[in-house]
Amino acid sequence: MQETRESFFQEVLENVRNISIRDLILNVYELQPGLCPFHNDRTPGSFSVIDRKRKYYCWSCGEQGDAIKFVRETEGIGFPEAVFKIALIYGIVTEEQVALYNSGSTFKEETTKIVRSYDNLWKNSVEDHRAEQDVISNVLDIFSQGESVIEGSGKKLSTKHLEHLKQERLLTDEEIEKVGYFSIPSRSSRYLKHFLQALEDEYGYDQHMLKGVPGFYKKKGDVSKRAYTFLSIKGIGIPIRDLHGKIQGIQIRKDIAKKGEKRYIWMSSSFANDEDTMEFGTGSGSPIHVSIPSKNQYPYVLFITEGIFKSEAIAKHYQAQALSIQGIQNWKQDLIHTIHDLEEQQNHPFLNIIVMFDSDVASNINVFESLSAMVEAMKEFDVKIHYAWWEKDFGKGIDDVIQSGYQDKVNRISADTFVSTYRSLIDEIEEMHGMKIRDVLKDFGNELIEEGFDDKIKPLFLKQR
């Protein structure tokens with residue numbers, strides 16, 4: 001009888017391991033997409049569910065496992081109990097079969113309990129009132145016209161900002177117009193009056209449509225037409241566009257960045273939720289920008305980089321689609337969905353993905369860690385993933401390399417080879433010094449890992465020349 005029970009359990013186990021982990025986690029347990037249930041997660045996109053691998057992984061806290069482990073951890077039950085719980089949910093076994101199997105065993109009654117729901121668990125209040133994406137796109141479409149809405153001049157950029165784009169970024173008028181760069185408008189009553197009028201004329205919106213649009217917020221208790229205002233920081237507004245060209249968010253390149261501050265920030269109003277006098281603040285969501293070439297000569301190739309100036313340079317030079325991540329950690333929320341959407345739009349999968357982060361990956365452990373996690377997540381696609389690199393003497397970013405004419409200095413290798421070799425380099429350094437890599441670099445400086453990079457990884461790229 002023991003053999004029969006064991007063979008029965010193994011058959012059930014095999015069937016359970018073949019169920020859709022995405023369906024179990026997102027539909028049965030009603031987990032909010034992208035939010036990890038194992039820590040107080042407020043960053044949508046931290047938690048990935050990869051059906052092809054039948055695994056889940058949290059890029060923030062490191063929790064990972066299969067469907068069985070997910071049920072064990074969330075329900076606090078043992079391995080066999082979790083197996084039968086899933087089997088009951090999906091009709092793989094009946095309660096009578098479980099009862100028969102459990103006869104004389106120490107199985108707990110929890111096996112047949114109703115599944116616990118995680119609906120709205122740790123919900124991010126910033127997003128409670130987020131506007132529909134079409135509304136956000138339409139509002140930001142008017143906002144991205146800058147102060148030209150006041151006089152209808154069509155002049156969206158100040159002289160200073162236009163000079164920066166043309167003289168320092170070496171962009172043409174056509175390239176500037178394509179992305180739609182603009183100067184962030186002042187928060188004057190005159191501008192707000194014309195802005196609201198433009199919203200009404202173009203889309204039929206009144207001021208209430210600003211509720212839930214990133215960057216906009218309202219003064220509590222104010223019911224007037226001018227109750228809403230927005231984040232106004234002097235700088236260049238950079239529209240983040242999806243594959244259809246619709247604006248998903250606004251990034252701001254600040255005119256002045258004090259020491260320790262970031263030059264690039266999101267147009268976000270999430271801060272308003274922490275103030276007693278404000279309400280309806282909304283986060284940006286860190287969307288991904290899709291750069292479309294004038295003629296897509298390589299429809300089976302996709303580039304990924306960090307920053308719009310770089311993705312636009314790639315799209316123009318290589319005549320292929322390129323994705324821009326705004327910050328090395330900000331790929332988690334939308335990258336996989338964006339790739340799926342692009343493949344669906346063009347009605348065929350990509351065959352090659354080429355990642356082009358800055359050359360400082362040779363000494364920046366944060367860039368490497370983000371790259372490693374991103375490569376792992378993209379393995380759900382049946383695609384060859386490559387990593388491109390060039391020596392820092394030829395430019396920090398790929399846009400610098402292209403502008404300087406050093407494109408022939410860019411080489412690529414398999415992303416798996418790059419990650420595994422870099423990881424082994426880290427392991428060697430940690431073993432040599434008896435401490436974690438970040439502690440080693442804190443004590444000895446980033447030059448230590450850069451020396452190892454030059455010795456072990458750089459030759460891999462040079463072989464490809």
# chains A, B, ... in the order shown; residues from 1 in each chain; ligands from 1
>>> select_by_dssp(residues="region 150-286 of chain A", states="alpha helix (DSSP H)", output="short mmCIF file (atom, residue, chain, number, x, y, z; two decimals) with C-alpha atoms, in the first residue's frame")
data_model
loop_
_atom_site.label_atom_id
_atom_site.label_comp_id
_atom_site.auth_asym_id
_atom_site.auth_seq_id
_atom_site.Cartn_x
_atom_site.Cartn_y
_atom_site.Cartn_z
CA ILE A 150 -0.39 81.06 -24.09
CA GLU A 151 0.16 82.69 -27.46
CA THR A 159 16.45 79.79 -26.24
CA LYS A 160 18.67 78.32 -23.52
CA HIS A 161 17.12 74.88 -23.75
CA LEU A 162 17.11 74.85 -27.54
CA GLU A 163 20.80 75.73 -27.57
CA ASP A 173 15.40 70.32 -35.45
CA GLU A 174 13.77 67.16 -36.79
CA GLU A 175 15.04 65.07 -33.87
CA ILE A 176 13.89 67.66 -31.35
CA GLU A 177 10.45 67.78 -32.91
CA LYS A 178 10.17 63.98 -33.07
CA VAL A 179 10.54 63.49 -29.30
CA SER A 189 -2.11 81.97 -13.15
CA ARG A 190 -1.76 83.16 -16.75
CA TYR A 191 -0.31 79.84 -17.88
CA LEU A 192 -2.86 77.77 -15.93
CA LYS A 193 -5.70 79.75 -17.49
CA HIS A 194 -4.50 79.06 -21.03
CA PHE A 195 -3.56 75.45 -20.18
CA LEU A 196 -7.05 74.65 -18.90
CA GLN A 197 -8.60 76.37 -21.90
CA ALA A 198 -6.43 74.31 -24.26
CA LEU A 199 -7.50 71.12 -22.46
CA GLU A 200 -11.15 72.06 -22.93
CA ASP A 201 -10.72 73.08 -26.57
CA GLU A 202 -8.76 69.99 -27.59
CA TYR A 203 -10.29 67.22 -25.48
#
>>> atom_distance(atom1="CA of Ser188 (chain A)", atom2="CA of Thr229 (chain A)")
9.5 Å
>>> residues_around(residues="Lys456 (chain A)", least_positions_apart="4", cutoff="12 Å", atoms="only C-alpha atoms", output="PyMOL selection string")
chain A and resi 362+417-418+420-426+428+449-452+460-462
>>> residues_around(residues="Val12 (chain A)", least_positions_apart="5", cutoff="8 Å", atoms="only C-alpha atoms", output="ChimeraX atom specification")
/A:83-84,87,92-93
>>> residues_around(residues="Lys234 (chain A)", least_positions_apart="6", cutoff="9 Å", atoms="only C-alpha atoms", output="tab-separated table (two decimals) with C-alpha atoms, in the first residue's frame")
chain	number	residue	atom	x	y	z
A	183	SER	CA	10.63	73.84	-21.45
A	184	ILE	CA	8.71	73.15	-18.23
A	185	PRO	CA	6.19	76.02	-17.95
A	186	SER	CA	5.99	78.38	-15.00
A	252	ILE	CA	12.60	66.53	-16.37
A	253	ARG	CA	16.24	67.42	-16.99
A	254	LYS	CA	16.79	70.02	-14.29
A	255	ASP	CA	18.68	73.18	-15.18
A	256	ILE	CA	20.45	73.07	-11.83
>>> closest_residue(among="A:Ser7, A:Gln329, A:Asn18, A:Gln248", to="Ser372 (chain A)", atoms="only C-alpha atoms")
A:Gln329
>>> closest_residue(among="A:Asn40, A:Asn102, A:Gln207, A:Gln251", to="Ser232 (chain A)", atoms="only C-alpha atoms")
A:Gln251
>>> closest_residue(among="A:Ser20, A:Gln167, A:Gln326, A:Gln346", to="Asn296 (chain A)", atoms="only C-alpha atoms")
A:Gln346
>>> select_by_dssp(residues="region 207-335 of chain A", states="strand (DSSP E)", output="PyMOL selection string")
chain A and resi 216-219+228-230+235-241+247-254+264-266+278-279+289-291+301-306+321-325
>>> atom_distance(atom1="CA of Ile236 (chain A)", atom2="CA of Tyr181 (chain A)")
6.7 Å
>>> closest_atom_pairs(of="region 338-374 of chain A", to="region 305-309 of chain A", cutoff="8 Å", atoms="only C-alpha atoms", output="CSV")
residue,atom,partner,partner_atom,distance
A:Val355,CA,A:Thr305,CA,6.0
A:Met356,CA,A:Thr305,CA,4.9
A:Phe357,CA,A:Thr305,CA,5.3
A:Asp358,CA,A:Glu306,CA,7.9
>>> write_last_selection(atoms="N, CA and C atoms", output="compact mmCIF listing (two decimals), in the first residue's frame")
# COMPACT_ATOMS: atom_id res chain seq x y z
N VAL A 355 21.67 44.78 -25.35
CA VAL A 355 21.64 45.73 -24.24
C VAL A 355 22.87 46.62 -24.32
N MET A 356 22.65 47.95 -24.25
CA MET A 356 23.75 48.91 -24.33
C MET A 356 23.68 49.88 -23.16
N PHE A 357 24.17 49.47 -21.99
CA PHE A 357 24.30 50.38 -20.87
C PHE A 357 25.62 51.13 -21.01
N ASP A 358 25.87 52.08 -20.12
CA ASP A 358 27.08 52.89 -20.22
C ASP A 358 28.35 52.06 -20.00
>>> residues_around(residues="Phe280 (chain A)", least_positions_apart="3", cutoff="12 Å", atoms="only C-alpha atoms", output="PyMOL selection string")
chain A and resi 125-131+208-220+227-230+268-277+283
>>> write_last_selection(atoms="C-alpha atoms", output="PDB file, in the first residue's frame")
ATOM      1  CA  SER A 125      -2.315  54.805  -2.006  1.00  0.00           C
ATOM      2  CA  VAL A 126      -0.510  56.985  -4.540  1.00  0.00           C
ATOM      3  CA  GLU A 127      -2.178  54.992  -7.302  1.00  0.00           C
ATOM      4  CA  ASP A 128      -5.680  54.744  -5.771  1.00  0.00           C
ATOM      5  CA  HIS A 129      -6.984  57.526  -7.972  1.00  0.00           C
ATOM      6  CA  ARG A 130      -4.663  57.249 -10.981  1.00  0.00           C
ATOM      7  CA  ALA A 131      -6.377  58.510 -14.129  1.00  0.00           C
ATOM      8  CA  HIS A 208     -11.382  67.676 -12.682  1.00  0.00           C
ATOM      9  CA  MET A 209      -9.670  65.569 -15.357  1.00  0.00           C
ATOM     10  CA  LEU A 210      -6.324  66.462 -13.751  1.00  0.00           C
ATOM     11  CA  LYS A 211      -7.097  64.178 -10.825  1.00  0.00           C
ATOM     12  CA  GLY A 212      -4.726  61.240 -10.984  1.00  0.00           C
ATOM     13  CA  VAL A 213      -2.399  62.689 -13.632  1.00  0.00           C
ATOM     14  CA  PRO A 214       1.278  62.414 -12.566  1.00  0.00           C
ATOM     15  CA  GLY A 215       2.717  65.785 -11.612  1.00  0.00           C
ATOM     16  CA  PHE A 216      -0.642  67.415 -10.861  1.00  0.00           C
ATOM     17  CA  TYR A 217      -2.249  67.781  -7.445  1.00  0.00           C
ATOM     18  CA  LYS A 218      -4.952  69.767  -5.692  1.00  0.00           C
ATOM     19  CA  LYS A 219      -5.210  72.093  -2.716  1.00  0.00           C
ATOM     20  CA  LYS A 220      -7.496  70.531  -0.118  1.00  0.00           C
ATOM     21  CA  ALA A 227      -7.559  74.422  -7.316  1.00  0.00           C
ATOM     22  CA  TYR A 228      -5.207  72.189  -9.296  1.00  0.00           C
ATOM     23  CA  THR A 229      -1.547  72.961  -9.796  1.00  0.00           C
ATOM     24  CA  PHE A 230       1.523  71.018 -10.896  1.00  0.00           C
ATOM     25  CA  SER A 268       5.526  63.225 -10.161  1.00  0.00           C
ATOM     26  CA  SER A 269       3.245  64.542  -7.462  1.00  0.00           C
ATOM     27  CA  SER A 270       3.315  61.629  -5.025  1.00  0.00           C
ATOM     28  CA  PHE A 271       4.763  64.027  -2.424  1.00  0.00           C
ATOM     29  CA  ALA A 272       1.346  65.718  -2.191  1.00  0.00           C
ATOM     30  CA  ASN A 273      -0.087  62.711  -0.333  1.00  0.00           C
ATOM     31  CA  ASP A 274       2.193  63.419   2.621  1.00  0.00           C
ATOM     32  CA  GLU A 275       1.049  67.027   2.992  1.00  0.00           C
ATOM     33  CA  ASP A 276      -1.971  68.146   5.036  1.00  0.00           C
ATOM     34  CA  THR A 277      -2.794  70.915   2.564  1.00  0.00           C
ATOM     35  CA  GLY A 283       3.498  58.900  -9.002  1.00  0.00           C
TER      36      GLY A 283
END
>>> closest_residue(among="A:Ile68, A:Met278, A:Ile413, A:Ile89", to="Tyr56 (chain A)", atoms="only C-alpha atoms")
A:Ile68
>>> decode(residues="region 312-344 of chain A", atoms="N, CA, C and O atoms", output="tab-separated table (two decimals), in the first residue's frame")
chain	number	residue	atom	x	y	z
A	312	GLU	N	17.21	57.22	-28.75
A	312	GLU	CA	16.94	57.92	-30.00
A	312	GLU	C	18.15	57.86	-30.93
A	312	GLU	O	18.01	57.71	-32.15
A	313	ALA	N	19.36	57.98	-30.36
A	313	ALA	CA	20.58	57.87	-31.17
A	313	ALA	C	20.72	56.48	-31.76
A	313	ALA	O	21.11	56.31	-32.92
A	314	ILE	N	20.38	55.47	-30.98
A	314	ILE	CA	20.44	54.08	-31.46
A	314	ILE	C	19.46	53.87	-32.60
A	314	ILE	O	19.79	53.30	-33.65
A	315	ALA	N	18.21	54.32	-32.40
A	315	ALA	CA	17.18	54.12	-33.42
A	315	ALA	C	17.58	54.78	-34.74
A	315	ALA	O	17.36	54.22	-35.82
A	316	LYS	N	18.18	55.96	-34.65
A	316	LYS	CA	18.59	56.67	-35.87
A	316	LYS	C	19.79	56.00	-36.54
A	316	LYS	O	19.80	55.80	-37.76
A	317	HIS	N	20.79	55.64	-35.74
A	317	HIS	CA	22.03	55.10	-36.32
A	317	HIS	C	21.87	53.66	-36.80
A	317	HIS	O	22.30	53.32	-37.92
A	318	TYR	N	21.27	52.82	-35.97
A	318	TYR	CA	21.16	51.40	-36.30
A	318	TYR	C	19.88	51.06	-37.06
A	318	TYR	O	19.71	49.94	-37.52
A	319	GLN	N	18.98	52.04	-37.18
A	319	GLN	CA	17.70	51.83	-37.88
A	319	GLN	C	16.97	50.61	-37.35
A	319	GLN	O	16.55	49.72	-38.08
A	320	ALA	N	16.82	50.60	-36.02
A	320	ALA	CA	16.10	49.53	-35.34
A	320	ALA	C	15.40	50.12	-34.13
A	320	ALA	O	15.72	51.22	-33.68
A	321	GLN	N	14.42	49.40	-33.59
A	321	GLN	CA	13.69	49.88	-32.43
A	321	GLN	C	14.57	49.80	-31.18
A	321	GLN	O	15.36	48.88	-31.01
A	322	ALA	N	14.41	50.80	-30.31
A	322	ALA	CA	15.20	50.85	-29.08
A	322	ALA	C	14.32	51.26	-27.92
A	322	ALA	O	13.44	52.11	-28.06
A	323	LEU	N	14.56	50.66	-26.77
A	323	LEU	CA	13.83	50.99	-25.55
A	323	LEU	C	14.74	51.75	-24.60
A	323	LEU	O	15.91	51.38	-24.43
A	324	SER	N	14.20	52.80	-24.00
A	324	SER	CA	14.95	53.56	-23.01
A	324	SER	C	14.36	53.34	-21.63
A	324	SER	O	13.18	53.57	-21.40
A	325	ILE	N	15.22	52.88	-20.72
A	325	ILE	CA	14.86	52.76	-19.31
A	325	ILE	C	15.34	54.02	-18.62
A	325	ILE	O	16.48	54.44	-18.81
A	326	GLN	N	14.49	54.64	-17.85
A	326	GLN	CA	14.86	55.89	-17.16
A	326	GLN	C	15.40	55.55	-15.78
A	326	GLN	O	14.68	55.62	-14.80
A	327	GLY	N	16.66	55.14	-15.70
A	327	GLY	CA	17.25	54.69	-14.43
A	327	GLY	C	17.42	53.19	-14.47
A	327	GLY	O	16.49	52.46	-14.84
A	328	ILE	N	18.57	52.69	-14.09
A	328	ILE	CA	18.89	51.27	-14.26
A	328	ILE	C	17.97	50.33	-13.49
A	328	ILE	O	17.84	49.16	-13.84
A	329	GLN	N	17.31	50.84	-12.44
A	329	GLN	CA	16.41	49.99	-11.66
A	329	GLN	C	14.96	50.05	-12.17
A	329	GLN	O	14.11	49.31	-11.69
A	330	ASN	N	14.70	50.94	-13.12
A	330	ASN	CA	13.31	51.21	-13.50
A	330	ASN	C	12.81	50.38	-14.67
A	330	ASN	O	11.83	50.74	-15.32
A	331	TRP	N	13.45	49.26	-14.94
A	331	TRP	CA	12.99	48.39	-16.02
A	331	TRP	C	11.90	47.42	-15.53
A	331	TRP	O	11.14	46.87	-16.33
A	332	LYS	N	11.81	47.23	-14.23
A	332	LYS	CA	11.03	46.11	-13.69
A	332	LYS	C	9.54	46.19	-13.98
A	332	LYS	O	8.88	45.18	-14.20
A	333	GLN	N	9.00	47.40	-13.98
A	333	GLN	CA	7.55	47.51	-14.08
A	333	GLN	C	7.02	47.22	-15.48
A	333	GLN	O	6.03	46.54	-15.65
A	334	ASP	N	7.70	47.74	-16.52
A	334	ASP	CA	7.10	47.72	-17.85
A	334	ASP	C	7.89	47.00	-18.92
A	334	ASP	O	7.38	46.80	-20.02
A	335	LEU	N	9.14	46.62	-18.67
A	335	LEU	CA	9.98	46.11	-19.75
A	335	LEU	C	9.39	44.88	-20.44
A	335	LEU	O	9.26	44.84	-21.66
A	336	ILE	N	9.03	43.87	-19.66
A	336	ILE	CA	8.54	42.63	-20.24
A	336	ILE	C	7.24	42.87	-21.01
A	336	ILE	O	7.06	42.38	-22.13
A	337	HIS	N	6.34	43.69	-20.43
A	337	HIS	CA	5.09	44.00	-21.12
A	337	HIS	C	5.34	44.76	-22.41
A	337	HIS	O	4.68	44.52	-23.43
A	338	THR	N	6.30	45.67	-22.39
A	338	THR	CA	6.60	46.47	-23.58
A	338	THR	C	7.14	45.59	-24.70
A	338	THR	O	6.75	45.75	-25.87
A	339	ILE	N	8.01	44.66	-24.37
A	339	ILE	CA	8.54	43.75	-25.39
A	339	ILE	C	7.42	42.90	-25.98
A	339	ILE	O	7.32	42.72	-27.21
A	340	HIS	N	6.55	42.40	-25.10
A	340	HIS	CA	5.40	41.62	-25.59
A	340	HIS	C	4.54	42.45	-26.54
A	340	HIS	O	4.11	41.98	-27.60
A	341	ASP	N	4.28	43.70	-26.17
A	341	ASP	CA	3.44	44.58	-26.99
A	341	ASP	C	4.07	44.85	-28.35
A	341	ASP	O	3.39	44.88	-29.38
A	342	LEU	N	5.39	45.06	-28.36
A	342	LEU	CA	6.09	45.30	-29.62
A	342	LEU	C	6.01	44.07	-30.52
A	342	LEU	O	5.79	44.19	-31.73
A	343	GLU	N	6.20	42.90	-29.94
A	343	GLU	CA	6.13	41.66	-30.73
A	343	GLU	C	4.72	41.46	-31.29
A	343	GLU	O	4.55	41.04	-32.43
A	344	GLU	N	3.74	41.77	-30.47
A	344	GLU	CA	2.36	41.62	-30.93
A	344	GLU	C	2.04	42.60	-32.05
A	344	GLU	O	1.37	42.25	-33.03
